[in-house]
$ cat run-v1.cif   # mmCIF, C-alpha atoms
data_start
#
loop_
_atom_site.label_atom_id
_atom_site.label_comp_id
_atom_site.auth_asym_id
_atom_site.auth_seq_id
_atom_site.Cartn_x
_atom_site.Cartn_y
_atom_site.Cartn_z
CA MET F 230 14.91 -9.38 18.52
CA PHE F 231 17.08 -6.26 18.20
CA THR F 232 20.34 -8.20 17.89
CA PRO F 233 19.19 -10.19 14.80
CA LEU F 234 17.89 -6.98 13.22
CA ARG F 235 21.20 -5.24 13.84
CA ARG F 236 23.07 -8.19 12.36
CA ALA F 237 20.76 -8.13 9.33
CA ALA F 238 21.47 -4.42 8.94
CA GLU F 239 25.22 -5.01 9.13
CA ARG F 240 24.99 -7.75 6.47
CA THR F 241 23.32 -5.43 3.94
CA PRO F 242 25.00 -5.77 0.53
CA PRO F 243 27.01 -2.65 -0.34
CA GLY F 244 25.13 -2.13 -3.60
CA ARG F 245 21.68 -1.91 -2.00
CA ASP F 246 19.95 1.44 -2.37
CA ARG F 247 18.95 2.06 1.24
CA HIS F 248 16.98 5.19 0.38
CA ILE F 249 14.35 2.98 -1.29
CA ASP F 250 13.77 1.08 1.96
CA LEU F 251 13.46 4.37 3.83
CA LEU F 252 10.85 5.63 1.36
CA ARG F 253 8.83 2.43 1.79
CA ALA F 254 8.83 2.72 5.58
CA VAL F 255 7.94 6.43 5.55
CA ALA F 256 5.14 5.88 3.03
CA ILE F 257 3.43 3.19 5.08
CA ALA F 258 3.86 5.22 8.29
CA LEU F 259 2.16 8.22 6.68
CA VAL F 260 -0.67 6.05 5.28
CA VAL F 261 -1.33 4.63 8.75
CA LEU F 262 -1.19 8.05 10.41
CA GLY F 263 -3.44 9.60 7.77
CA HIS F 264 -6.09 6.89 8.15
CA TRP F 265 -6.05 7.17 11.92
CA LEU F 266 -6.32 10.97 11.89
CA ALA F 267 -9.17 10.97 9.38
CA VAL F 268 -11.47 8.55 11.22
CA VAL F 269 -14.55 10.06 12.86
CA VAL F 270 -16.41 7.68 15.21
CA THR F 271 -19.97 8.24 16.44
CA TYR F 272 -21.89 6.21 18.96
CA GLY F 273 -25.54 6.69 19.80
CA GLU F 274 -27.99 3.84 19.42
CA ARG F 275 -25.42 2.10 17.26
CA VAL F 276 -21.83 2.54 16.12
CA GLY F 277 -21.26 4.77 13.10
CA GLY F 278 -18.48 6.73 11.53
CA ASP F 279 -17.21 8.79 8.66
CA THR F 280 -14.13 10.62 7.47
CA VAL F 281 -13.22 14.05 8.79
CA LEU F 282 -13.32 15.30 5.18
CA ALA F 283 -17.11 15.07 5.34
CA PHE F 284 -17.12 17.72 8.08
CA VAL F 285 -14.00 19.89 7.65
CA SER F 286 -13.17 21.42 4.28
CA TRP F 287 -9.74 22.70 5.39
CA ALA F 288 -8.56 19.09 5.80
CA ARG F 289 -8.80 18.37 2.08
CA PRO F 290 -5.50 20.00 1.03
CA LEU F 291 -3.77 18.08 3.84
CA THR F 292 -4.46 14.87 1.92
CA TRP F 293 -1.68 15.96 -0.47
CA LEU F 294 0.72 15.17 2.39
CA PHE F 295 -0.82 11.90 3.53
CA GLN F 296 -1.73 10.32 0.16
CA VAL F 297 1.60 8.59 -0.34
CA MET F 298 0.53 5.29 -1.87
CA PRO F 299 2.14 6.51 -5.12
CA VAL F 300 5.47 6.40 -3.26
CA PHE F 301 4.83 2.76 -2.37
CA PHE F 302 4.21 1.87 -6.03
CA LEU F 303 7.22 3.95 -7.09
CA VAL F 304 9.42 2.04 -4.65
CA GLY F 305 7.81 -1.21 -5.78
CA GLY F 306 8.80 -0.56 -9.39
CA PHE F 307 12.38 0.28 -8.43
CA ALA F 308 12.76 -2.74 -6.14
CA GLY F 309 10.95 -5.04 -8.57
CA ALA F 310 13.25 -4.16 -11.46
CA ALA F 311 16.31 -4.56 -9.23
CA SER F 312 15.30 -7.94 -7.78
CA LEU F 313 14.10 -9.34 -11.12
CA GLY F 314 17.44 -8.45 -12.71
CA SER F 315 19.33 -10.08 -9.84
CA TYR F 316 17.17 -13.20 -9.96
CA ARG F 317 17.68 -13.58 -13.69
CA ARG F 318 21.45 -13.12 -13.41
CA ARG F 319 21.49 -16.05 -10.97
CA GLY F 320 19.74 -18.29 -13.49
CA GLY F 321 16.08 -17.80 -12.55
CA ASP F 322 13.08 -16.89 -14.69
CA ALA F 323 10.16 -14.49 -14.34
CA ILE F 324 7.66 -16.95 -12.83
CA GLY F 325 10.11 -18.12 -10.20
CA TRP F 326 10.86 -14.50 -9.33
CA PHE F 327 7.16 -13.66 -9.07
CA LEU F 328 6.55 -16.58 -6.72
CA CYS F 329 9.38 -15.41 -4.46
CA ARG F 330 8.36 -11.77 -4.71
CA THR F 331 4.74 -12.34 -3.68
CA ASP F 332 5.53 -14.64 -0.76
CA ARG F 333 5.92 -11.66 1.62
CA LEU F 334 2.58 -10.30 0.36
CA ILE F 335 0.42 -13.41 0.36
CA ARG F 336 1.42 -15.10 3.64
CA PRO F 337 0.62 -12.13 5.93
CA THR F 338 -2.58 -11.42 4.00
CA THR F 339 -3.73 -15.03 4.37
CA ALA F 340 -3.10 -14.95 8.12
CA PHE F 341 -4.94 -11.65 8.36
CA LEU F 342 -8.03 -12.89 6.48
CA LEU F 343 -8.21 -16.19 8.38
CA THR F 344 -7.96 -14.40 11.73
CA LEU F 345 -10.49 -11.75 10.72
CA GLY F 346 -12.93 -14.34 9.40
CA GLY F 347 -12.64 -16.37 12.60
CA ALA F 348 -13.15 -13.26 14.76
CA ALA F 349 -16.22 -12.23 12.75
CA LEU F 350 -17.74 -15.70 13.06
CA LEU F 351 -17.11 -15.71 16.82
CA ALA F 352 -18.71 -12.28 17.17
CA LEU F 353 -21.81 -13.48 15.33
CA LEU F 354 -22.04 -16.61 17.50
CA LEU F 355 -21.88 -14.40 20.59
CA GLY F 356 -24.92 -12.48 19.37
CA THR F 357 -23.30 -9.32 17.98
CA ASP F 358 -25.48 -7.40 15.53
CA PRO F 359 -24.58 -8.66 12.02
CA ALA F 360 -24.60 -5.10 10.66
CA THR F 361 -22.05 -4.07 13.29
CA VAL F 362 -19.88 -7.10 12.49
CA GLY F 363 -20.11 -6.29 8.77
CA MET F 364 -19.06 -2.70 9.39
CA GLY F 365 -16.09 -3.82 11.48
CA VAL F 366 -14.93 -6.34 8.88
CA TRP F 367 -15.27 -3.79 6.08
CA LEU F 368 -13.24 -1.24 8.05
CA ALA F 369 -10.52 -3.77 8.86
CA CYS F 370 -10.35 -4.82 5.18
CA LEU F 371 -9.83 -1.32 3.81
CA PRO F 372 -6.04 -1.85 3.40
CA LEU F 373 -6.64 -4.77 1.01
CA TRP F 374 -7.61 -2.59 -1.96
CA PHE F 375 -4.00 -1.78 -2.82
CA LEU F 376 -3.02 -5.45 -3.05
CA ILE F 377 -5.30 -5.95 -6.06
CA ALA F 378 -3.34 -3.48 -8.17
CA TYR F 379 0.02 -4.22 -6.58
CA VAL F 380 -0.04 -8.00 -7.13
CA THR F 381 -1.11 -7.37 -10.72
CA VAL F 382 1.73 -4.94 -11.52
CA VAL F 383 4.24 -7.26 -9.83
CA LEU F 384 3.05 -10.05 -12.14
CA LEU F 385 3.44 -7.69 -15.10
CA THR F 386 6.94 -6.53 -14.08
CA PRO F 387 8.81 -8.53 -16.77
CA ILE F 388 6.57 -6.99 -19.45
CA LEU F 389 6.82 -3.49 -17.96
CA LEU F 390 10.59 -3.80 -17.71
CA ALA F 391 10.80 -4.91 -21.35
CA LEU F 392 8.56 -1.99 -22.39
CA HIS F 393 10.85 0.42 -20.58
CA ARG F 394 13.94 -0.92 -22.35
CA ARG F 395 12.17 -0.46 -25.66
CA ALA F 396 10.45 2.91 -25.15
CA GLY F 397 11.77 4.44 -21.91
CA LEU F 398 9.72 7.22 -20.32
CA ALA F 399 7.25 7.09 -23.17
CA VAL F 400 5.64 4.13 -21.38
CA PRO F 401 4.43 5.95 -18.24
CA ALA F 402 3.52 8.92 -20.46
CA ALA F 403 1.33 6.63 -22.58
CA PHE F 404 -0.29 5.21 -19.44
CA ALA F 405 -1.01 8.78 -18.29
CA VAL F 406 -2.70 9.57 -21.61
CA LEU F 407 -4.89 6.48 -21.22
CA VAL F 408 -5.75 7.57 -17.67
CA ALA F 409 -6.79 10.96 -19.06
CA PHE F 410 -9.10 9.20 -21.55
CA GLY F 411 -10.62 7.20 -18.72
CA ASP F 412 -11.16 10.38 -16.72
CA ALA F 413 -12.79 12.05 -19.71
CA ALA F 414 -15.14 9.09 -20.09
CA ARG F 415 -16.23 9.49 -16.47
CA LEU F 416 -16.56 13.28 -16.65
CA LEU F 417 -18.59 13.10 -19.86
CA GLY F 418 -20.84 10.29 -18.68
CA GLY F 419 -19.31 7.56 -20.85
CA PRO F 420 -19.10 3.83 -20.06
CA ALA F 421 -17.91 3.23 -16.50
CA VAL F 422 -15.64 0.40 -17.66
CA LEU F 423 -13.37 2.94 -19.39
CA GLY F 424 -12.76 4.71 -16.12
CA ALA F 425 -12.36 1.44 -14.21
CA ALA F 426 -9.28 0.63 -16.30
CA ASN F 427 -7.51 3.43 -14.41
CA TYR F 428 -7.28 1.20 -11.34
CA LEU F 429 -4.52 -0.62 -13.20
CA LEU F 430 -3.27 2.01 -15.64
CA ALA F 431 -2.59 4.73 -13.08
CA TRP F 432 -0.75 2.51 -10.61
CA ALA F 433 1.15 0.86 -13.47
CA ALA F 434 2.29 4.34 -14.56
CA VAL F 435 3.69 5.08 -11.09
CA TYR F 436 5.28 1.61 -10.89
CA GLN F 437 6.82 2.30 -14.30
CA LEU F 438 8.41 5.48 -12.96
CA GLY F 439 10.11 3.31 -10.34
CA ILE F 440 11.42 1.03 -13.09
CA ALA F 441 12.67 4.06 -14.99
CA TRP F 442 14.47 5.29 -11.88
CA ARG F 443 16.16 1.94 -11.35
CA GLU F 444 17.16 1.70 -15.01
CA GLY F 445 18.75 5.17 -14.99
CA ALA F 446 16.18 7.08 -17.07
CA LEU F 447 15.45 9.22 -14.00
CA SER F 448 18.54 10.39 -12.17
CA ALA F 449 18.64 11.55 -8.56
CA ARG F 450 19.84 15.02 -9.50
CA PRO F 451 18.23 18.44 -8.93
CA ARG F 452 18.06 19.10 -12.68
CA VAL F 453 15.64 16.15 -12.93
CA ALA F 454 13.98 16.30 -9.53
CA VAL F 455 13.15 20.01 -9.32
CA PRO F 456 11.27 20.19 -12.67
CA MET F 457 9.28 17.09 -11.66
CA ILE F 458 8.33 18.67 -8.34
CA ALA F 459 7.43 22.02 -9.87
CA GLY F 460 5.64 20.53 -12.87
CA GLY F 461 3.75 17.96 -10.81
CA LEU F 462 2.57 20.52 -8.26
CA ALA F 463 1.63 23.05 -10.95
CA ALA F 464 -0.41 20.42 -12.80
CA LEU F 465 -2.01 19.31 -9.54
CA VAL F 466 -3.10 22.85 -8.67
CA LEU F 467 -4.45 23.49 -12.17
CA LEU F 468 -6.33 20.19 -12.25
CA THR F 469 -7.93 20.61 -8.83
CA VAL F 470 -8.46 24.32 -8.04
CA PRO F 471 -9.90 25.64 -11.34
CA GLY F 472 -10.05 22.18 -12.93
CA PRO F 473 -12.62 19.40 -12.74
CA TYR F 474 -10.92 17.25 -10.09
CA PRO F 475 -11.54 17.49 -6.33
CA VAL F 476 -8.80 18.83 -4.08
CA SER F 477 -8.89 15.78 -1.82
CA MET F 478 -6.49 13.01 -2.82
CA VAL F 479 -8.43 10.42 -0.82
CA THR F 480 -12.09 9.43 -0.87
CA ASP F 481 -14.30 12.36 0.11
CA PRO F 482 -18.03 11.63 0.40
CA GLY F 483 -18.80 15.24 -0.56
CA ASP F 484 -17.29 14.93 -4.05
CA ARG F 485 -19.02 13.39 -7.05
CA LEU F 486 -15.65 12.55 -8.61
CA GLN F 487 -13.02 10.76 -6.52
CA ASN F 488 -9.27 10.88 -7.14
CA THR F 489 -8.62 7.33 -5.94
CA SER F 490 -11.73 5.40 -6.99
CA PRO F 491 -10.39 4.96 -9.62
CA PRO F 492 -7.10 6.92 -9.68
CA THR F 493 -7.14 10.07 -11.80
CA LEU F 494 -4.78 12.30 -13.72
CA ALA F 495 -4.67 14.57 -10.66
CA LEU F 496 -3.34 11.72 -8.55
CA LEU F 497 -0.71 11.06 -11.22
CA ALA F 498 0.33 14.73 -11.01
CA LEU F 499 0.83 14.26 -7.27
CA ALA F 500 2.81 11.07 -7.99
CA VAL F 501 5.15 12.99 -10.34
CA ALA F 502 5.80 15.60 -7.64
CA GLN F 503 6.42 12.89 -5.04
CA THR F 504 8.81 11.14 -7.41
CA GLY F 505 10.74 14.38 -7.76
CA ILE F 506 10.93 14.75 -3.98
CA ALA F 507 12.15 11.16 -3.64
CA LEU F 508 14.86 11.81 -6.23
CA LEU F 509 15.88 15.11 -4.63
CA LEU F 510 16.33 13.52 -1.19
CA HIS F 511 18.13 10.44 -2.48
CA ASP F 512 21.72 11.40 -1.71
CA ARG F 513 20.86 12.91 1.67
CA GLY F 514 18.91 9.79 2.66
CA GLY F 515 21.73 7.55 1.51
CA ARG F 516 24.28 9.42 3.62
CA MET F 517 22.11 9.24 6.70
CA LEU F 518 21.50 5.50 6.30
CA ARG F 519 25.20 4.70 6.19
CA ARG F 520 25.04 5.01 9.98
CA THR F 521 24.15 1.76 11.72
CA ARG F 522 21.44 3.04 14.06
CA PRO F 523 19.10 4.71 11.54
CA TRP F 524 19.63 1.92 9.02
CA THR F 525 18.77 -0.71 11.66
CA ALA F 526 15.56 1.20 12.40
CA VAL F 527 14.66 1.12 8.69
CA VAL F 528 15.45 -2.60 8.48
CA ALA F 529 13.24 -3.22 11.53
CA ALA F 530 10.37 -1.24 10.02
CA ASN F 531 10.60 -3.05 6.69
CA SER F 532 10.67 -6.45 8.39
CA VAL F 533 7.07 -5.87 9.56
CA ILE F 534 5.85 -3.47 6.87
CA MET F 535 3.02 -5.68 5.58
CA THR F 536 1.90 -6.60 9.09
CA VAL F 537 1.65 -2.94 10.06
CA PHE F 538 -0.25 -2.08 6.89
CA LEU F 539 -2.68 -4.99 7.06
CA TRP F 540 -3.57 -4.62 10.73
CA HIS F 541 -3.62 -0.85 11.26
CA MET F 542 -7.37 -0.50 10.60
CA THR F 543 -8.09 -3.51 12.82
CA ALA F 544 -6.61 -1.39 15.61
CA VAL F 545 -9.40 1.13 14.86
CA VAL F 546 -12.04 -1.63 15.07
CA ILE F 547 -10.68 -2.60 18.50
CA ALA F 548 -10.49 1.03 19.66
CA VAL F 549 -14.14 1.83 18.89
CA PRO F 550 -15.70 -0.38 21.60
CA ALA F 551 -12.80 0.19 23.98
CA LEU F 552 -12.94 4.01 23.83
CA TYR F 553 -16.36 5.06 22.55
CA ILE F 554 -18.89 2.41 23.53
CA THR F 555 -17.46 2.51 27.06
CA GLY F 556 -17.70 6.30 27.06
CA LEU F 557 -14.01 6.88 27.77
CA LEU F 558 -13.73 9.31 24.87
CA PRO F 559 -16.39 11.98 24.23
CA GLN F 560 -17.64 12.89 20.76
CA PRO F 561 -17.06 16.62 20.14
CA PRO F 562 -17.77 18.09 16.69
CA PRO F 563 -15.17 16.86 14.15
CA GLY F 564 -12.51 19.46 13.47
CA SER F 565 -13.18 21.39 16.66
CA ALA F 566 -10.40 22.22 19.11
CA ALA F 567 -11.65 19.54 21.52
CA TRP F 568 -11.76 16.95 18.74
CA LEU F 569 -8.22 17.80 17.66
CA LEU F 570 -6.99 17.58 21.26
CA LEU F 571 -8.60 14.16 21.67
CA ARG F 572 -6.66 12.89 18.66
CA VAL F 573 -3.67 12.56 21.03
CA PRO F 574 -5.12 9.80 23.28
CA TRP F 575 -6.80 8.31 20.19
CA LEU F 576 -3.45 7.96 18.39
CA ALA F 577 -1.73 6.72 21.56
CA PHE F 578 -4.29 3.94 22.03
CA LEU F 579 -4.13 2.95 18.35
CA THR F 580 -0.32 2.85 18.43
CA ALA F 581 -0.31 0.60 21.49
CA THR F 582 -2.98 -1.67 19.98
CA LEU F 583 -1.12 -1.97 16.69
CA ALA F 584 2.10 -2.74 18.56
CA VAL F 585 0.35 -5.70 20.22
CA LEU F 586 -1.05 -6.91 16.88
CA VAL F 587 2.39 -6.65 15.27
CA ALA F 588 3.93 -8.57 18.17
CA LEU F 589 1.34 -11.33 17.66
CA PHE F 590 1.46 -11.61 13.86
CA ALA F 591 4.83 -10.30 12.64
CA PHE F 592 6.33 -13.80 12.75
CA VAL F 593 4.19 -14.71 9.71
CA GLU F 594 5.86 -12.02 7.62
CA ARG F 595 9.36 -12.62 8.94
CA ARG F 596 9.26 -16.38 8.44
CA GLY F 597 10.02 -17.06 4.80
CA GLY F 598 8.09 -19.73 2.96
CA PRO F 599 9.30 -22.02 0.16
CA CYS F 600 10.84 -20.06 -2.70
CA PRO F 601 12.00 -21.21 -6.14
CA ALA F 602 15.79 -21.37 -6.32
CA PRO F 603 17.16 -19.16 -9.13
CA GLY F 604 19.28 -21.97 -10.56
CA ALA F 605 16.59 -24.66 -10.48
CA GLY F 606 16.00 -24.48 -14.22
CA LYS F 607 13.22 -23.10 -16.37
CA THR F 608 9.75 -23.18 -14.83
CA GLY F 609 7.53 -25.83 -16.37
CA ALA F 610 4.25 -25.12 -18.15
CA GLY F 611 2.28 -26.71 -15.31
CA THR F 612 3.83 -24.41 -12.72
CA VAL F 613 3.17 -21.41 -14.95
CA ALA F 614 -0.50 -22.37 -15.26
CA VAL F 615 -0.87 -22.95 -11.52
CA THR F 616 0.82 -19.61 -10.79
CA LEU F 617 -1.44 -17.67 -13.13
CA ALA F 618 -4.56 -19.44 -11.85
CA GLY F 619 -3.56 -18.84 -8.25
CA THR F 620 -2.87 -15.16 -8.90
CA GLY F 621 -6.21 -14.75 -10.65
CA LEU F 622 -8.08 -16.32 -7.74
CA VAL F 623 -6.20 -14.22 -5.18
CA VAL F 624 -7.01 -11.02 -7.07
CA ALA F 625 -10.64 -12.10 -7.58
CA GLY F 626 -11.02 -12.86 -3.89
CA LEU F 627 -9.60 -9.49 -2.86
CA LEU F 628 -11.73 -7.74 -5.46
CA GLY F 629 -14.81 -9.45 -4.06
CA ALA F 630 -14.01 -8.03 -0.65
CA ALA F 631 -13.42 -4.55 -2.07
CA LEU F 632 -16.80 -4.52 -3.82
CA THR F 633 -18.92 -5.57 -0.83
CA GLY F 634 -18.77 -2.28 1.06
CA SER F 635 -19.95 -2.28 4.67
CA ALA F 636 -21.77 -5.59 4.22
CA GLY F 637 -18.54 -7.19 5.47
CA LEU F 638 -16.48 -10.13 4.30
CA PRO F 639 -18.58 -12.05 1.71
CA ALA F 640 -18.80 -15.78 2.34
CA PRO F 641 -17.58 -16.81 -1.16
CA MET F 642 -14.65 -14.40 -1.08
CA LEU F 643 -12.53 -16.17 1.52
CA PRO F 644 -12.57 -19.64 -0.13
CA VAL F 645 -11.71 -18.09 -3.51
CA TYR F 646 -8.78 -16.20 -2.04
CA LEU F 647 -7.58 -19.19 0.00
CA LEU F 648 -7.69 -21.48 -3.03
CA GLY F 649 -5.55 -18.96 -4.94
CA ALA F 650 -3.09 -18.67 -2.06
CA ALA F 651 -2.88 -22.47 -1.83
CA LEU F 652 -2.14 -22.75 -5.55
CA LEU F 653 0.64 -20.18 -5.27
CA ARG F 654 2.13 -22.02 -2.31
CA ALA F 655 1.98 -25.28 -4.28
CA ALA F 656 3.79 -23.59 -7.17
CA ARG F 657 6.48 -22.33 -4.78
CA SER F 658 6.89 -25.73 -3.18
CA SER F 659 7.37 -27.40 -6.54
CA HIS F 660 10.63 -25.45 -6.82
CA ARG F 661 11.76 -25.80 -3.22
CA PRO F 662 15.54 -25.15 -3.06
#
$ encode --input "run-v1.cif" --output "structure tokens"
Amino acid sequence: MFTPLRRAAERTPPGRDRHIDLLRAVAIALVVLGHWLAVVVTYGERVGGDTVLAFVSWARPLTWLFQVMPVFFLVGGFAGAASLGSYRRRGGDAIGWFLCRTDRLIRPTTAFLLTLGGAALLALLLGTDPATVGMGVWLACLPLWFLIAYVTVVLLTPILLALHRRAGLAVPAAFAVLVAFGDAARLLGGPAVLGAANYLLAWAAVYQLGIAWREGALSARPRVAVPMIAGGLAALVLLTVPGPYPVSMVTDPGDRLQNTSPPTLALLALAVAQTGIALLLHDRGGRMLRRTRPWTAVVAANSVIMTVFLWHMTAVVIAVPALYITGLLPQPPPGSAAWLLLRVPWLAFLTATLAVLVALFAFVERRGGPCPAPGAGKTGAGTVAVTLAGTGLVVAGLLGAALTGSAGLPAPMLPVYLLGAALLRAARSSHRP
């Protein structure tokens, strides 16, 4: 396996911005680590759990370090603008590009949902408590929330790119203003639908910053990066410490207002600071990745990035019966010295479990499916309709899962998602190179 990865690293085009791939890998690694560290498992008469934020107030500022999903959307905007431009220069159109771009997202997700649904059905047939199965499925599905927004902004990339070329940085600024209006509606008790729009607007704003970076409106220079870091952090402190937003940048059951459900102006302030850090480290990261060994490691990480992200909470579901129901790990008070010490074997077990899951399922991500050839001509109206319908069904299916809570994977959700995935595959196959 290592030889093909090394060869892939050596074949990297000279114009590729390797720092972007590094940021993607680091972001997902921090998301996984943050989720694993935050989980609190209890086992008495039945399995339960919570987040450490419900018990330990000092952990809330640490979420500023581990909430790095803005970096993933930032990188997505940069890479999306770059690949769309390349695809168009080779004679392709936006729909063909979208079908190729989402292949690495949809295939691993489909395999994940089919496997999870089969495992849940088997557990029920074996007599497992349905509430326990529902809790496990809900926990394993937590990573899916980001796909709803991410697939949507990828679909909108041609429009967002055109908006940037017309109005530049005014576009993410306008999105931020709309996010502020949505926040105000929530804070003042207005219609919930106004705040719900932030699920798309906030992530589109961060994605737009990535487009602006790729297009040259944001340069990787200290004179741009340092003011973004200072301004973003200053705004974040003002919005959270004396301001109306909670300090925690992830869901905290103790707060009435959440910074991620939906995303808020405070989360956008963090995203601006993280963008500045990414810009500031650009040249240093690029120099480091000119060496074969670190660049090969980044290539290896990115080759399984979706598999790692999708399955990392399933590792938690496996660890609960293996470590807690069996009594191998005790349950000291969350945040105590004993609890912190026991995070070491907890993380070691989760890492080993995830490594097995990646070994079993990474082939789905690495094996490319049918993809429209850039020079195959303009996409027909039928393919456009099938693509849009398939995307809508995929997003609706994922949204259905996100709204069910601990009730588990809803029965109608999986067929809706699978029909959407099948339509997208049919659209890809219609332009098989």
$ resolve_selection --input "run-v1.cif" --expression "the PyMOL selection byres ((chain F and resi 284-286) around 12)" --output "number ranges by chain"
F: 267-269, 278-283, 287-292, 475-477, 481-484, 562-565, 568-569
$ closest_residue --input "run-v1.cif" --among "F:Gly629, F:Gly411, F:Pro550, F:Pro451" --to "Leu429 of chain F" --atoms "only C-alpha atoms"
F:Gly411
$ residues_around --input "run-v1.cif" --residues "Met478 of chain F" --least-positions-apart "6" --cutoff "8 Å" --atoms "all atoms listed in the file" --output "JSON, numbers by chain"
{"F": [289, 292, 293, 296, 487, 488, 489, 496]}
$ residues_around --input "run-v1.cif" --residues "Trp575 of chain F" --least-positions-apart "3" --cutoff "12 Å" --atoms "all atoms listed in the file" --output "number ranges by chain"
F: 262, 265-270, 544-545, 547-549, 551-553, 557-560, 568-572, 578-582
$ resolve_selection --input "run-v1.cif" --expression "the PyMOL selection byres ((chain F and resi 657) around 9)" --output "list in words"
Gly325, Leu328, Cys329, Asp332, Gly598, Pro599, Cys600, Pro601, Thr612, Thr616, Leu652, Leu653, Arg654, Ala655, Ala656, Ser658, Ser659, His660 and Arg661 of chain F
$ atom_distance --input "run-v1.cif" --atom1 "atom CA of Arg395 of chain F" --atom2 "atom CA of Pro492 of chain F"
26.1 Å
$ resolve_selection --input "run-v1.cif" --expression "the PyMOL selection byres ((chain F and resi 535) around 12)" --output "NGL selection string"
:F and (253-254 or 257-258 or 261 or 301 or 331-341 or 372-373 or 375-376 or 530-534 or 536-541 or 587 or 590-595)
$ closest_residue --input "run-v1.cif" --among "F:Thr344, F:Ala651, F:Val479, F:Leu438" --to "His264 of chain F" --atoms "all atoms listed in the file"
F:Val479
$ atom_distance --input "run-v1.cif" --atom1 "atom CA of Leu355 of chain F" --atom2 "atom CA of Trp367 of chain F"
19.2 Å
$ closest_residue --input "run-v1.cif" --among "F:Met298, F:Ile324, F:Leu486, F:Ala618" --to "Arg415 of chain F" --atoms "all atoms listed in the file"
F:Leu486
$ residues_around --input "run-v1.cif" --residues "His511 of chain F" --least-positions-apart "2" --cutoff "10 Å" --atoms "only C-alpha atoms" --output "list in words"
Asp246, Arg247, His248, Ile249, Leu251, Leu252, Ser448, Ala449, Arg450, Gly505, Ile506, Ala507, Leu508, Leu509, Arg513, Gly514, Gly515 and Arg516 of chain F
